[in-house]
Amino acid sequence: MKRASNRPRRLPRDTDIIEFLRALPPHWRRQAVAMLGTAERDALDRDWPGWAHEGQAAPASLPDGGDWSTWVLMAGRGFGKTLAGAQWIAGEIAAGKVSIALVGATLDDARRVMVEGRSGLLTVAADLIRDWHPSLRRLTFTSGAEATLFSGASPDMLRGPEHHVAWCDELAKWDKPQECWDMLQLGLRLGHPRALITTTPKPGPVLRGIMADPATVTTGGPTRRNPHLPKAYKARVERLYGGTRLGEQEIEGRLLTDAAGALWTVELIERCRLSLTPSREREGAGGGLALTTNGSDADSGCPPPDPLPQAGGGAEFARTLIAVDPPAIDGTCGIVAVARSGEGQHAVAHILADHSVTGRSPDGWARAVAAAAAAHDTDEVIAEANQGGKMVKQILLAADPRLRVRLVRASKGKVERAEPVAHLFEAGRAVLHGRMPALEAEMKGMIAGGGYDGPGKSPDRADAMVWGVGEVMRGGEVRVIPASQGLSASSPIALISLKALASMSNMFRSKETIITAKPLVTRPGQIGARLQTTAILWCHWT
């Protein structure tokens with residue numbers, strides 16, 4: 001008879017030790033861990049790839065197999081974003097990266113969360129750290145690597161330093177996200193530079209722009225995906241916020257694309273964007289290729305604009321001009337090319353291009369206006385006179401004396417002036433030629449009732465577009481007929497405030513305006529939902 005061996009049983013070499021421990025009953029699991037020596041426990045604790053749950057591990061490549069330059073880890077509260085960020089930095093240090101930028105919403109946030117927090121670098125990478133100098137905002141590592149803290153409110157702090165990698169936490173909270181991100185990108189130029197953004201999703205053009213970059217990869221998920229969170233916490237937040245807009249953002253980790261009450265939604269902009277596509281149904285009307293709107297006309301309830309020839313290839317516009325919103329000091333000068341095709345009820349406003357410039361001197365932005373006018377073969381310019389008065393006209397004429405400049409003065413806020421133009425988009429009577437990300441971001445940030453939730457302090461590009469559309473469509477007749485008289489299939493339907501209607505009448509200087517409005521309660525999310533008095537109107541732009 002063979003005697004039983006006293007040697008402990010060994011696990012197969014390819015055993016996933018963490019999965020093995022997880023599969024054990026709790027009392028066996030505790031006993032197994034207790035039997036480990038100090039070195040084995042440390043090795044098990046440092047096995048981040050084994051502990052990381054889905055969405056926390058750094059992606060190997062882009063979906064197409066290429067290298068990524070930015071990794072956006074966007075997820076719900078408690079997902080483990082900070083831990084994933086600290087572990088990624090620890091891995092980059094081990095790989096030999098020596099210069100690291102740690103950017104938080106503020107310096108205090110960067111220190112409190114990214115360095116000293118429960119999942120910060122002092123905890124996760126303690127064995128790699130030599131010194132922590134809070135007053136110098138600097139961590140030094142045993143390998144010679146250094147990590148410096150920066151604030152998302154101070155872009156000048158990022159002007160100059162060079163880095164291999166960067167970890168950006170809660171970019172959606174940064175006070176100056178675009179400026180800081182730009183300065184950071186200019187300094188990421190050592191080795192094979194990469195940046196990680198860990199953030200809870202919050203609508204904003206900067207994050208959307210980064211995610212749209214072909215070199216960006218995005219991972220993440222909902223709060224419940226973290227198996228280490230208490231079940232009671234997950235059940236409570238689901239009960240309190242499940243199914244709400246806040247829950248979609250903070251628990252599900254989804255980026256909400258439209259601000260509540262936005263005059264221009266993503267769907268509306270896409271529906272009114274022109275793309276060059278073959279149109280067999282309209283060959284008889286337009287001949288060959290036609291510029292047609294994206295999206296479903298049936299879904300919008302609005303008739304599409306008439307087919308048009310290819311832009312730049314023989315398109316005939318009744319009027320083309322450059323609309324200008326001059327900057328205050330060194331801000332953005334809104335410069336947008338706008339045209340009109342057709343007459344009467346077939347008139348359509350065309351936003352041709354965004355030529356806006358930022359940080360230019362008066363001579364600089366005036367020359368940009370002159371160049372835009374030459375590019376679109378027009379000498380007509382409309383410019384707001386609130387910033388600079390008559391001097392605006394003199395500056396523009398100094399750049400090109402041939403320009404025909406007409407000054408306009410704003411008596412209402414930018415968003416209030418924008419409401420009637422947004423209704424033109426709703427009615428299918430205003431279209432965008434191609435993609436204009438900076439302009440569209442401002443349009444999506446304009447909120448019914450007067451608010452603004454877009455990039456920068458002021459929607460200068462969008463305001464120039466509004467002035468341009470109002471000018472090219474000026475001089476026609478607006479007839480408003482109450483809904484009680486019936487609607488035909490070809491009549492665009494729009495929700496409009498009486499305040500906006502008065503602004504519209506003034507903008508278009510209509511020969512005749514019949515105002516008979518029926519008050520009603522609008523559904524949440526529709527234009528005018530925040531306004532006290534609204535009416536459903538039958539609008540003919542003739």
# chains A, B, ... in the order shown; residues from 1 in each chain; ligands from 1
>>> select_by_dssp(residues="region 301-465 of chain A", states="helix (DSSP H, G or I)", output="PyMOL selection string")
chain A and resi 344-346+362-375+390-399+414-426+437-444+460-465
>>> select_by_dssp(residues="region 176-242 of chain A", states="strand (DSSP E)", output="compact mmCIF listing (two decimals) with C-alpha atoms, in the first residue's frame")
# COMPACT_ATOMS: atom_id res chain seq x y z
CA ARG A 194 -0.37 59.24 -24.70
CA ALA A 195 -3.08 60.72 -22.49
CA LEU A 196 -5.72 59.10 -20.28
CA ILE A 197 -8.92 60.96 -19.37
CA THR A 198 -10.92 59.55 -16.46
CA THR A 199 -14.26 61.31 -16.15
CA THR A 216 -9.14 58.24 -29.36
CA VAL A 217 -10.41 55.02 -27.81
CA THR A 218 -13.24 55.07 -25.26
CA THR A 219 -14.06 52.50 -22.56
CA GLY A 220 -16.21 52.52 -19.46
CA GLY A 221 -19.59 51.41 -18.26
>>> closest_residue(among="A:Ser99, A:Thr320, A:Ser69, A:Gln31", to="Thr140 (chain A)", atoms="only C-alpha atoms")
A:Ser99
>>> residues_around(residues="Ala372 (chain A)", least_positions_apart="6", cutoff="12 Å", atoms="only C-alpha atoms", output="PyMOL selection string")
chain A and resi 320-324+334-338+352-357+365-366+378-381+399-400+403
>>> closest_residue(among="A:Gly449, A:Gly160, A:Gly85, A:Gly253", to="Pro222 (chain A)", atoms="only C-alpha atoms")
A:Gly253
>>> residues_around(residues="Gly242 (chain A)", least_positions_apart="5", cutoff="9 Å", atoms="only C-alpha atoms", output="list in words")
Val237, Gly247, Glu248, Ile251 and Glu252 of chain A
